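Coordinates from structure_29.json are shown below (JSON, C-alpha atoms).
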[["chain", "number", "residue", "atom", "x", "y", "z"],
["M", 877, "MET", "CA", 0.00, 0.00, 0.00],
["M", 878, "GLU", "CA", 2.82, 2.43, 0.87],
["M", 879, "ASP", "CA", 4.49, 1.81, -2.50],
["M", 880, "LEU", "CA", 1.22, 2.31, -4.36],
["M", 881, "GLU", "CA", 0.43, 5.52, -2.47],
["M", 882, "THR", "CA", 3.93, 6.76, -3.21],
["M", 883, "PHE", "CA", 3.46, 6.05, -6.92],
["M", 884, "LEU", "CA", 0.17, 7.99, -6.97],
["M", 885, "ALA", "CA", 1.78, 10.92, -5.14],
["M", 886, "VAL", "CA", 4.68, 11.08, -7.62],
["M", 887, "ILE", "CA", 2.35, 11.06, -10.64],
["M", 888, "GLU", "CA", 0.00, 13.65, -9.14],
["M", 889, "SER", "CA", 2.76, 15.90, -7.77],
["M", 890, "GLY", "CA", 4.96, 15.78, -10.87],
["M", 891, "SER", "CA", 8.21, 15.00, -9.07],
["M", 892, "GLN", "CA", 9.68, 12.78, -6.40],
["M", 893, "THR", "CA", 10.66, 15.83, -4.35],
["M", 894, "ALA", "CA", 7.10, 17.20, -4.33],
["M", 895, "ALA", "CA", 5.76, 13.72, -3.53],
["M", 896, "ALA", "CA", 8.18, 13.43, -0.61],
["M", 897, "ARG", "CA", 6.92, 16.75, 0.80],
["M", 898, "ARG", "CA", 3.30, 15.66, 0.32],
["M", 899, "LEU", "CA", 3.87, 12.35, 2.08],
["M", 900, "GLY", "CA", 6.18, 13.69, 4.76],
["M", 901, "ARG", "CA", 8.92, 11.27, 3.75],
["M", 902, "SER", "CA", 12.50, 11.52, 2.56],
["M", 903, "LEU", "CA", 13.40, 11.64, -1.12],
["M", 904, "GLN", "CA", 15.40, 8.42, -0.70],
["M", 905, "SER", "CA", 12.38, 6.66, 0.84],
["M", 906, "VAL", "CA", 10.16, 7.73, -2.06],
["M", 907, "ASN", "CA", 12.70, 6.49, -4.57],
["M", 908, "ARG", "CA", 12.97, 3.13, -2.81],
["M", 909, "SER", "CA", 9.18, 2.70, -2.92],
["M", 910, "LEU", "CA", 9.10, 3.44, -6.65],
["M", 911, "LEU", "CA", 11.89, 0.99, -7.36],
["M", 912, "ALA", "CA", 10.21, -1.70, -5.26],
["M", 913, "LEU", "CA", 6.88, -1.21, -7.06],
["M", 914, "GLU", "CA", 8.47, -1.28, -10.51],
["M", 915, "LYS", "CA", 10.34, -4.45, -9.57],
["M", 916, "SER", "CA", 7.14, -6.16, -8.43],
["M", 917, "VAL", "CA", 5.22, -5.07, -11.55],
["M", 918, "GLY", "CA", 8.10, -5.82, -13.86],
["M", 919, "VAL", "CA", 7.98, -2.65, -15.95],
["M", 920, "GLU", "CA", 9.12, 0.97, -15.70],
["M", 921, "LEU", "CA", 6.22, 3.08, -14.40],
["M", 922, "VAL", "CA", 7.87, 6.48, -13.88],
["M", 923, "ARG", "CA", 10.43, 8.26, -16.04],
["M", 924, "ARG", "CA", 12.70, 10.37, -13.83],
["M", 925, "THR", "CA", 14.67, 13.48, -14.68],
["M", 926, "THR", "CA", 16.58, 15.79, -12.36],
["M", 927, "ARG", "CA", 13.54, 18.03, -11.89],
["M", 928, "LYS", "CA", 10.46, 16.12, -13.00],
["M", 929, "SER", "CA", 8.92, 12.67, -12.90],
["M", 930, "PHE", "CA", 6.18, 11.58, -15.25],
["M", 931, "ALA", "CA", 4.33, 8.39, -16.02],
["M", 932, "THR", "CA", 5.39, 6.09, -18.82],
["M", 933, "GLU", "CA", 2.65, 4.69, -21.05],
["M", 934, "ALA", "CA", 2.52, 1.59, -18.83],
["M", 935, "GLY", "CA", 2.62, 3.82, -15.75],
["M", 936, "LEU", "CA", -0.33, 5.89, -16.94],
["M", 937, "ALA", "CA", -2.42, 2.78, -17.60],
["M", 938, "PHE", "CA", -1.42, 1.44, -14.19],
["M", 939, "TYR", "CA", -2.34, 4.75, -12.54],
["M", 940, "ARG", "CA", -5.84, 4.73, -14.10],
["M", 941, "ARG", "CA", -6.52, 1.26, -12.70],
["M", 942, "VAL", "CA", -4.94, 1.76, -9.29],
["M", 943, "LYS", "CA", -6.32, 5.21, -8.40],
["M", 944, "PRO", "CA", -9.99, 4.17, -7.95],
["M", 945, "ALA", "CA", -8.97, 1.08, -5.97],
["M", 946, "ILE", "CA", -6.82, 3.11, -3.57],
["M", 947, "SER", "CA", -9.66, 5.60, -3.13],
["M", 948, "GLU", "CA", -12.04, 2.75, -2.27],
["M", 949, "ILE", "CA", -9.58, 1.37, 0.26],
["M", 950, "ALA", "CA", -9.20, 4.82, 1.83],
["M", 951, "ASP", "CA", -13.00, 5.14, 2.09],
["M", 952, "ALA", "CA", -13.21, 1.66, 3.63],
["M", 953, "ARG", "CA", -10.59, 2.59, 6.22],
["M", 954, "GLN", "CA", -12.44, 5.81, 7.06],
["M", 955, "GLU", "CA", -15.77, 3.99, 7.33],
["M", 956, "ALA", "CA", -14.31, 1.33, 9.63],
["M", 957, "ALA", "CA", -12.65, 3.96, 11.81],
["M", 958, "SER", "CA", -15.83, 6.06, 12.01],
["M", 959, "ARG", "CA", -17.73, 3.14, 13.51],
["M", 960, "ARG", "CA", -15.61, 3.45, 16.64],
["M", 961, "VAL", "CA", -17.08, 6.92, 17.22],
["M", 962, "GLU", "CA", -20.63, 7.27, 18.52],
["M", 963, "PRO", "CA", -22.74, 8.98, 15.82],
["M", 964, "SER", "CA", -24.30, 12.31, 16.70],
["M", 965, "GLY", "CA", -26.17, 15.21, 15.16],
["M", 966, "LEU", "CA", -29.35, 15.64, 13.14],
["M", 967, "LEU", "CA", -30.41, 12.83, 10.76],
["M", 968, "ARG", "CA", -32.89, 14.10, 8.13],
["M", 969, "ILE", "CA", -34.91, 11.41, 6.34],
["M", 970, "ALA", "CA", -37.63, 11.56, 3.68],
["M", 971, "ALA", "CA", -39.94, 8.60, 3.13],
["M", 972, "PRO", "CA", -43.36, 7.80, 1.63],
["M", 973, "MET", "CA", -45.89, 8.88, 4.21],
["M", 974, "GLN", "CA", -47.47, 5.58, 5.29],
["M", 975, "PHE", "CA", -44.36, 3.48, 4.80],
["M", 976, "GLY", "CA", -42.39, 5.99, 6.83],
["M", 977, "ALA", "CA", -44.88, 5.84, 9.68],
["M", 978, "ALA", "CA", -45.06, 2.04, 9.71],
["M", 979, "HIS", "CA", -41.43, 1.04, 9.07],
["M", 980, "VAL", "CA", -39.05, 4.02, 9.24],
["M", 981, "ALA", "CA", -40.31, 5.70, 12.42],
["M", 982, "PRO", "CA", -39.96, 2.57, 14.62],
["M", 983, "VAL", "CA", -36.37, 2.13, 13.41],
["M", 984, "ILE", "CA", -35.65, 5.78, 14.21],
["M", 985, "ALA", "CA", -36.88, 5.16, 17.76],
["M", 986, "ASP", "CA", -34.55, 2.16, 18.13],
["M", 987, "PHE", "CA", -31.68, 4.11, 16.57],
["M", 988, "ILE", "CA", -32.00, 7.04, 18.98],
["M", 989, "ALA", "CA", -32.29, 4.61, 21.90],
["M", 990, "ARG", "CA", -28.99, 3.05, 20.83],
["M", 991, "TYR", "CA", -27.29, 6.38, 19.98],
["M", 992, "PRO", "CA", -28.73, 9.07, 22.32],
["M", 993, "ARG", "CA", -26.68, 11.87, 20.71],
["M", 994, "ILE", "CA", -28.72, 11.52, 17.50],
["M", 995, "GLU", "CA", -31.71, 13.71, 16.64],
["M", 996, "ALA", "CA", -34.01, 12.81, 13.75],
["M", 997, "ASP", "CA", -36.32, 14.67, 11.39],
["M", 998, "LEU", "CA", -38.63, 12.39, 9.33],
["M", 999, "ARG", "CA", -40.55, 14.02, 6.49],
["M", 1000, "GLY", "CA", -43.40, 12.15, 4.83],
["M", 1001, "SER", "CA", -43.86, 12.70, 1.13],
["M", 1002, "ASP", "CA", -45.18, 10.40, -1.59],
["M", 1003, "ARG", "CA", -43.31, 12.45, -4.19],
["M", 1004, "PRO", "CA", -39.51, 12.36, -4.66],
["M", 1005, "VAL", "CA", -37.82, 15.09, -2.64],
["M", 1006, "ASP", "CA", -34.77, 17.17, -3.57],
["M", 1007, "LEU", "CA", -32.12, 15.47, -1.43],
["M", 1008, "VAL", "CA", -29.47, 18.14, -1.87],
["M", 1009, "GLY", "CA", -31.72, 21.20, -1.79],
["M", 1010, "GLY", "CA", -33.71, 19.81, 1.13],
["M", 1011, "GLN", "CA", -30.52, 18.89, 2.99],
["M", 1012, "PHE", "CA", -31.69, 15.32, 3.55],
["M", 1013, "ASP", "CA", -29.24, 12.62, 4.59],
["M", 1014, "LEU", "CA", -31.26, 9.93, 2.85],
["M", 1015, "ALA", "CA", -34.63, 9.24, 1.26],
["M", 1016, "ILE", "CA", -36.62, 6.02, 0.92],
["M", 1017, "ARG", "CA", -37.98, 5.35, -2.56],
["M", 1018, "ILE", "CA", -40.19, 2.42, -3.53],
["M", 1019, "ARG", "CA", -39.65, 1.92, -7.24],
["M", 1020, "GLU", "CA", -37.04, 1.20, -9.86],
["M", 1021, "LEU", "CA", -34.58, 4.07, -9.87],
["M", 1022, "PRO", "CA", -33.64, 6.08, -12.96],
["M", 1023, "ASP", "CA", -29.99, 6.72, -13.68],
["M", 1024, "SER", "CA", -28.74, 9.69, -11.66],
["M", 1025, "SER", "CA", -25.79, 11.02, -9.71],
["M", 1026, "LEU", "CA", -27.42, 9.91, -6.45],
["M", 1027, "LYS", "CA", -26.06, 6.92, -4.58],
["M", 1028, "ALA", "CA", -28.49, 4.16, -3.65],
["M", 1029, "ARG", "CA", -28.69, 1.00, -1.58],
["M", 1030, "ARG", "CA", -31.36, -1.65, -2.09],
["M", 1031, "LEU", "CA", -33.09, -2.47, 1.21],
["M", 1032, "GLY", "CA", -35.80, -4.93, 0.22],
["M", 1033, "GLN", "CA", -38.86, -5.33, -1.98],
["M", 1034, "LEU", "CA", -42.64, -5.10, -1.71],
["M", 1035, "ARG", "CA", -45.49, -7.32, -2.92],
["M", 1036, "ALA", "CA", -48.50, -5.81, -4.65],
["M", 1037, "VAL", "CA", -51.56, -8.03, -4.14],
["M", 1038, "THR", "CA", -55.20, -8.28, -5.16],
["M", 1039, "TYR", "CA", -57.72, -8.92, -2.39],
["M", 1040, "ALA", "CA", -61.39, -9.00, -1.48],
["M", 1041, "ALA", "CA", -63.68, -9.77, 1.47],
["M", 1042, "PRO", "CA", -65.13, -13.30, 1.76],
["M", 1043, "SER", "CA", -68.63, -11.76, 1.59],
["M", 1044, "TYR", "CA", -67.83, -10.19, -1.79],
["M", 1045, "LEU", "CA", -66.34, -13.41, -3.15],
["M", 1046, "GLU", "CA", -69.42, -15.38, -2.04],
["M", 1047, "ARG", "CA", -71.71, -13.02, -3.95],
["M", 1048, "HIS", "CA", -69.63, -12.43, -7.08],
["M", 1049, "GLY", "CA", -67.26, -15.39, -7.30],
["M", 1050, "ARG", "CA", -63.49, -15.56, -7.13],
["M", 1051, "PRO", "CA", -61.54, -14.26, -10.17],
["M", 1052, "ASP", "CA", -59.27, -16.97, -11.60],
["M", 1053, "HIS", "CA", -57.41, -14.72, -14.06],
["M", 1054, "PRO", "CA", -56.66, -10.98, -14.13],
["M", 1055, "ASP", "CA", -58.85, -10.64, -17.23],
["M", 1056, "ASP", "CA", -61.81, -11.77, -15.09],
["M", 1057, "LEU", "CA", -61.62, -8.42, -13.28],
["M", 1058, "VAL", "CA", -63.60, -6.86, -16.13],
["M", 1059, "HIS", "CA", -66.63, -8.61, -14.60],
["M", 1060, "HIS", "CA", -65.89, -7.40, -11.06],
["M", 1061, "LYS", "CA", -66.34, -4.16, -9.16],
["M", 1062, "CYS", "CA", -62.91, -2.83, -8.22],
["M", 1063, "ILE", "CA", -61.92, -0.24, -5.63],
["M", 1064, "LEU", "CA", -60.11, 2.49, -7.53],
["M", 1065, "HIS", "CA", -57.23, 4.63, -6.28],
["M", 1066, "GLY", "CA", -56.22, 6.96, -9.10],
["M", 1067, "ALA", "CA", -57.60, 10.38, -9.93],
["M", 1068, "SER", "CA", -58.08, 9.61, -13.63],
["M", 1069, "GLU", "CA", -61.13, 7.91, -15.11],
["M", 1070, "ALA", "CA", -59.11, 4.94, -16.43],
["M", 1071, "GLU", "CA", -57.16, 2.71, -14.06],
["M", 1072, "ALA", "CA", -55.00, -0.35, -14.69],
["M", 1073, "TRP", "CA", -53.42, -2.86, -12.32],
["M", 1074, "ARG", "CA", -50.10, -4.60, -12.84],
["M", 1075, "PHE", "CA", -49.87, -8.41, -13.21],
["M", 1076, "ARG", "CA", -47.49, -11.05, -14.52],
["M", 1077, "ILE", "CA", -49.33, -13.02, -17.21],
["M", 1078, "ALA", "CA", -47.65, -15.76, -19.26],
["M", 1079, "GLY", "CA", -44.24, -14.63, -18.00],
["M", 1080, "ARG", "CA", -44.72, -10.99, -18.96],
["M", 1081, "VAL", "CA", -45.85, -7.93, -17.01],
["M", 1082, "ARG", "CA", -49.16, -6.60, -18.29],
["M", 1083, "MET", "CA", -51.48, -3.79, -17.20],
["M", 1084, "VAL", "CA", -55.12, -4.84, -16.84],
["M", 1085, "SER", "CA", -57.83, -2.18, -17.00],
["M", 1086, "VAL", "CA", -60.33, -2.20, -14.13],
["M", 1087, "SER", "CA", -63.44, -0.23, -13.19],
["M", 1088, "GLY", "CA", -65.72, 0.13, -10.21],
["M", 1089, "ALA", "CA", -68.26, 2.20, -8.33],
["M", 1090, "PHE", "CA", -65.97, 3.45, -5.57],
["M", 1091, "ARG", "CA", -62.85, 5.61, -5.90],
["M", 1092, "THR", "CA", -60.71, 7.08, -3.13],
["M", 1093, "ASP", "CA", -57.23, 8.48, -2.52],
["M", 1094, "ASN", "CA", -57.38, 7.38, 1.13],
["M", 1095, "VAL", "CA", -55.88, 3.96, 1.91],
["M", 1096, "ALA", "CA", -57.92, 3.50, 5.09],
["M", 1097, "ALA", "CA", -61.10, 4.19, 3.14],
["M", 1098, "ALA", "CA", -60.08, 1.71, 0.44],
["M", 1099, "HIS", "CA", -59.49, -0.99, 3.07],
["M", 1100, "ALA", "CA", -62.81, -0.23, 4.76],
["M", 1101, "ALA", "CA", -64.57, -0.55, 1.41],
["M", 1102, "ALA", "CA", -62.88, -3.87, 0.68],
["M", 1103, "CYS", "CA", -63.67, -5.21, 4.16],
["M", 1104, "GLY", "CA", -67.30, -4.17, 3.67],
["M", 1105, "GLY", "CA", -67.56, -6.23, 0.51],
["M", 1106, "LEU", "CA", -67.75, -3.26, -1.84],
["M", 1107, "GLY", "CA", -65.27, -4.66, -4.35],
["M", 1108, "VAL", "CA", -61.84, -6.05, -5.20],
["M", 1109, "GLY", "CA", -58.83, -4.08, -3.94],
["M", 1110, "TYR", "CA", -55.22, -3.84, -5.06],
["M", 1111, "GLY", "CA", -52.18, -2.54, -3.25],
["M", 1112, "PRO", "CA", -49.11, -3.23, -1.07],
["M", 1113, "PHE", "CA", -49.32, -6.45, 0.94],
["M", 1114, "TRP", "CA", -47.72, -4.87, 4.02],
["M", 1115, "LEU", "CA", -50.72, -2.57, 4.44],
["M", 1116, "ILE", "CA", -53.22, -5.44, 4.75],
["M", 1117, "THR", "CA", -51.31, -8.17, 6.62],
["M", 1118, "ASP", "CA", -53.45, -7.77, 9.76],
["M", 1119, "LEU", "CA", -56.68, -7.96, 7.75],
["M", 1120, "VAL", "CA", -55.47, -11.12, 6.00],
["M", 1121, "ASP", "CA", -54.43, -12.69, 9.32],
["M", 1122, "ARG", "CA", -57.89, -12.03, 10.77],
["M", 1123, "GLY", "CA", -59.63, -13.44, 7.70],
["M", 1124, "THR", "CA", -61.34, -10.12, 7.04],
["M", 1125, "ILE", "CA", -60.04, -10.15, 3.46],
["M", 1126, "GLU", "CA", -58.46, -12.84, 1.25],
["M", 1127, "ILE", "CA", -55.69, -12.66, -1.34],
["M", 1128, "VAL", "CA", -56.81, -13.54, -4.88],
["M", 1129, "LEU", "CA", -54.92, -13.96, -8.17],
["M", 1130, "GLU", "CA", -51.77, -14.73, -6.15],
["M", 1131, "LYS", "CA", -50.07, -16.67, -8.96],
["M", 1132, "PHE", "CA", -50.36, -13.62, -11.22],
["M", 1133, "GLU", "CA", -48.63, -11.18, -8.85],
["M", 1134, "ALA", "CA", -46.36, -8.71, -10.63],
["M", 1135, "PRO", "CA", -42.62, -8.60, -9.81],
["M", 1136, "LYS", "CA", -41.99, -7.06, -6.42],
["M", 1137, "MET", "CA", -41.16, -3.36, -6.22],
["M", 1138, "PRO", "CA", -37.67, -2.57, -4.84],
["M", 1139, "ILE", "CA", -37.14, -0.41, -1.76],
["M", 1140, "HIS", "CA", -34.09, 1.85, -1.99],
["M", 1141, "ALA", "CA", -32.30, 4.18, 0.35],
["M", 1142, "VAL", "CA", -31.02, 7.08, -1.77],
["M", 1143, "PHE", "CA", -28.19, 9.37, -0.67],
["M", 1144, "PRO", "CA", -26.73, 12.69, -1.88],
["M", 1145, "PRO", "CA", -23.78, 12.31, -4.29],
["M", 1146, "SER", "CA", -21.10, 13.06, -1.69],
["M", 1147, "ALA", "CA", -17.83, 11.15, -1.46],
["M", 1148, "MET", "CA", -18.99, 9.07, 1.49],
["M", 1149, "ALA", "CA", -22.07, 9.15, 3.70],
["M", 1150, "PRO", "CA", -21.47, 10.08, 7.36],
["M", 1151, "ALA", "CA", -21.45, 7.33, 9.98],
["M", 1152, "LYS", "CA", -24.91, 8.23, 11.31],
["M", 1153, "THR", "CA", -26.41, 7.68, 7.83],
["M", 1154, "ARG", "CA", -24.64, 4.38, 7.21],
["M", 1155, "LEU", "CA", -25.47, 2.99, 10.65],
["M", 1156, "PHE", "CA", -29.14, 3.99, 10.35],
["M", 1157, "THR", "CA", -29.37, 2.43, 6.88],
["M", 1158, "ASP", "CA", -27.87, -0.80, 8.25],
["M", 1159, "MET", "CA", -30.50, -0.87, 11.00],
["M", 1160, "LEU", "CA", -33.34, -0.14, 8.57],
["M", 1161, "ALA", "CA", -32.16, -2.89, 6.21],
["M", 1162, "GLU", "CA", -32.10, -5.35, 9.12],
["M", 1163, "HIS", "CA", -35.64, -4.35, 10.12],
["M", 1164, "LEU", "CA", -37.00, -4.72, 6.58],
["M", 1165, "ALA", "CA", -35.30, -8.11, 6.14],
["M", 1166, "HIS", "CA", -37.62, -9.47, 8.84],
["M", 1167, "ALA", "CA", -40.77, -7.49, 7.97],
["M", 1168, "ARG", "CA", -43.75, -8.94, 6.11],
["M", 1169, "LEU", "CA", -43.57, -6.91, 2.93]]
Before we go any further, please render this structure as structure tokens.
Amino acid sequence: MEDLETFLAVIESGSQTAAARRLGRSLQSVNRSLLALEKSVGVELVRRTTRKSFATEAGLAFYRRVKPAISEIADARQEAASRRVEPSGLLRIAAPMQFGAAHVAPVIADFIARYPRIEADLRGSDRPVDLVGGQFDLAIRIRELPDSSLKARRLGQLRAVTYAAPSYLERHGRPDHPDDLVHHKCILHGASEAEAWRFRIAGRVRMVSVSGAFRTDNVAAAHAAACGGLGVGYGPFWLITDLVDRGTIEIVLEKFEAPKMPIHAVFPPSAMAPAKTRLFTDMLAEHLAHARL
């Protein structure tokens, strides 16, 4: 590692003398490291003159490969060292409103209990927030992520299920295929007239149009309608686990469930997240690994 760091310093400083000053080492020590590295690689990496040092063609190629690796190792060292220090300060988190209340807030409580010098600010929003402008440390997003400069960590995934009350199924029958929903009353969530639900049919994801007599943007109202036998509902499994356990509603069309939606923690594009952010994300990932999602 010392020889590699010396090589990087020589290339970036432009001379062995400047590299020695940068590293706080003697010129002789820098020269020994270069010679040792070149001997181990088996090729000349640095061309020396009395005043300057510059990379050979092989040295430049070697530099381009080694530089990112050394940076990663430095970050790993810093991360490991930071875990010895108790995290402190304000942790600002954005999450979808209901998911944040059900799964993020309890983890925040455990996190503050473990690290009393932490304060937390949880903001609920079902729309993506500006991480940098809003000065958030992380945001939870439930979807596939577009390419961006933001860093992300996958924390888990969610089921989307179709369900109905036993009373409704007794009166109207149980759908055997997503296309059967055209003959059923569905509980609608969107603001637009047309609505479609996502299924996997014959190995491919397909949107199936549905209709119904009841529409709402309130999840609690949608669940109440489904429990009352008003129609077939569709949504995240984690929101209805208690109702399923009690037998109040039943899952239907289970074999046609669409691929699960990923849960990501998204971070600002800084060099490395602070310890409080990494430790909280670890705790949240552990919680979600054991949650019924």
I'd like the neighbourhood of stretch 879-896 of chain M as an mmCIF file with C-alpha atoms, in the frame of the given file, where a residue qualifies if any of its atoms comes within 10 Å (using all atoms listed in the file), though same-chain residues fewer than 5 positions away should be ignored.
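Now in selection13.cif:
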data_model
loop_
_atom_site.group_PDB
_atom_site.id
_atom_site.type_symbol
_atom_site.label_atom_id
_atom_site.label_comp_id
_atom_site.auth_asym_id
_atom_site.auth_seq_id
_atom_site.Cartn_x
_atom_site.Cartn_y
_atom_site.Cartn_z
ATOM 1 C CA ARG M 901 8.920 11.270 3.750
ATOM 2 C CA SER M 902 12.500 11.520 2.560
ATOM 3 C CA LEU M 903 13.400 11.640 -1.120
ATOM 4 C CA GLN M 904 15.400 8.420 -0.700
ATOM 5 C CA SER M 905 12.380 6.660 0.840
ATOM 6 C CA VAL M 906 10.160 7.730 -2.060
ATOM 7 C CA ASN M 907 12.700 6.490 -4.570
ATOM 8 C CA ARG M 908 12.970 3.130 -2.810
ATOM 9 C CA SER M 909 9.180 2.700 -2.920
ATOM 10 C CA LEU M 910 9.100 3.440 -6.650
ATOM 11 C CA LEU M 911 11.890 0.990 -7.360
ATOM 12 C CA ALA M 912 10.210 -1.700 -5.260
ATOM 13 C CA LEU M 913 6.880 -1.210 -7.060
ATOM 14 C CA GLU M 914 8.470 -1.280 -10.510
ATOM 15 C CA LEU M 921 6.220 3.080 -14.400
ATOM 16 C CA VAL M 922 7.870 6.480 -13.880
ATOM 17 C CA ARG M 923 10.430 8.260 -16.040
ATOM 18 C CA ARG M 924 12.700 10.370 -13.830
ATOM 19 C CA THR M 925 14.670 13.480 -14.680
ATOM 20 C CA THR M 926 16.580 15.790 -12.360
ATOM 21 C CA ARG M 927 13.540 18.030 -11.890
ATOM 22 C CA LYS M 928 10.460 16.120 -13.000
ATOM 23 C CA SER M 929 8.920 12.670 -12.900
ATOM 24 C CA PHE M 930 6.180 11.580 -15.250
ATOM 25 C CA ALA M 931 4.330 8.390 -16.020
ATOM 26 C CA GLY M 935 2.620 3.820 -15.750
ATOM 27 C CA LEU M 936 -0.330 5.890 -16.940
ATOM 28 C CA PHE M 938 -1.420 1.440 -14.190
ATOM 29 C CA TYR M 939 -2.340 4.750 -12.540
ATOM 30 C CA ARG M 940 -5.840 4.730 -14.100
ATOM 31 C CA VAL M 942 -4.940 1.760 -9.290
ATOM 32 C CA LYS M 943 -6.320 5.210 -8.400
ATOM 33 C CA ILE M 946 -6.820 3.110 -3.570
#
Inset, instruction - Find the spatial neighbours of M:Arg1017, counting only C-alpha atoms, within a cut-off of 12 Å - ignore same-chain residues fewer than 5 positions away - and output them as a count of residues only. - result: 30
Just give me the gap between atom CA of M:Thr1092 and atom CA of M:Lys1061 in Å, one decimal is fine.
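Result for atom CA of M:Thr1092 versus atom CA of M:Lys1061: 13.9 Å, one decimal.
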**Q.** Expected residue set, 12 Å radius at (-58.4, 6.3, -4.2), all atoms listed in the file, as a ChimeraX atom specification
**A.** /M:1062-1069,1071,1088-1101,1109-1111
Can you work out the spacing between atom CA of M:Asp1006 and atom CA of M:Asp1158 in Å, to one decimal?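 Atom-to-atom, atom CA of M:Asp1006 to atom CA of M:Asp1158, that is 22.6 Å.
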Next on the checklist: When you count only C-alpha atoms, which of these residues is closest to M:Ile1018: M:Ile1127, M:Leu966, M:Ala1165, M:Ala1036?
Outcome noted: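 The shortest atom-to-atom distance to M:Ile1018 comes from M:Ala1036.
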Here atom CA of M:Leu1014 and atom CA of M:Ala1167 stand apart by 20.5 Å
Of M:Leu1026, M:Ala952, M:Ile988, M:Leu1129, the one nearest to M:Val1008 when counting all atoms listed in the file is M:Leu1026
> Hey, which of M:Arg953, M:Lys1136, M:Arg1154, M:Arg1047 ends up closest to M:Phe1075? Count all atoms listed in the file.
Replying inline: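 Closest to M:Phe1075 of all the choices is M:Lys1136.
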Among M:Val1120, M:Ala1102, M:Ile994, M:Ile1125, M:Pro963 is approached most closely, using only C-alpha atoms, by M:Ile994
Closest of M:Trp1114, M:Arg968, M:Asp1055, M:Ser947 to M:Gly1010, counting all atoms listed in the file, is M:Arg968
*asked:* I'd like the contact shell of M:Pro1135 - 12 Å cut-off, all atoms listed in the file, skipping same-chain residues fewer than 3 positions apart - returned as a list in words.
replied: Arg1019, Glu1020, Gln1033, Leu1034, Arg1035, Ala1036, Val1037, Arg1074, Phe1075, Arg1076, Ile1077, Gly1079, Arg1080, Val1081, Arg1082, Glu1130, Lys1131, Phe1132 and Pro1138 of chain M
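Shell of M:Thr1117 at 10 Å, with only C-alpha atoms counted and residues fewer than 6 places along the chain excluded, is Gly1123, Ile1125, Arg1168 and Leu1169 of chain M.
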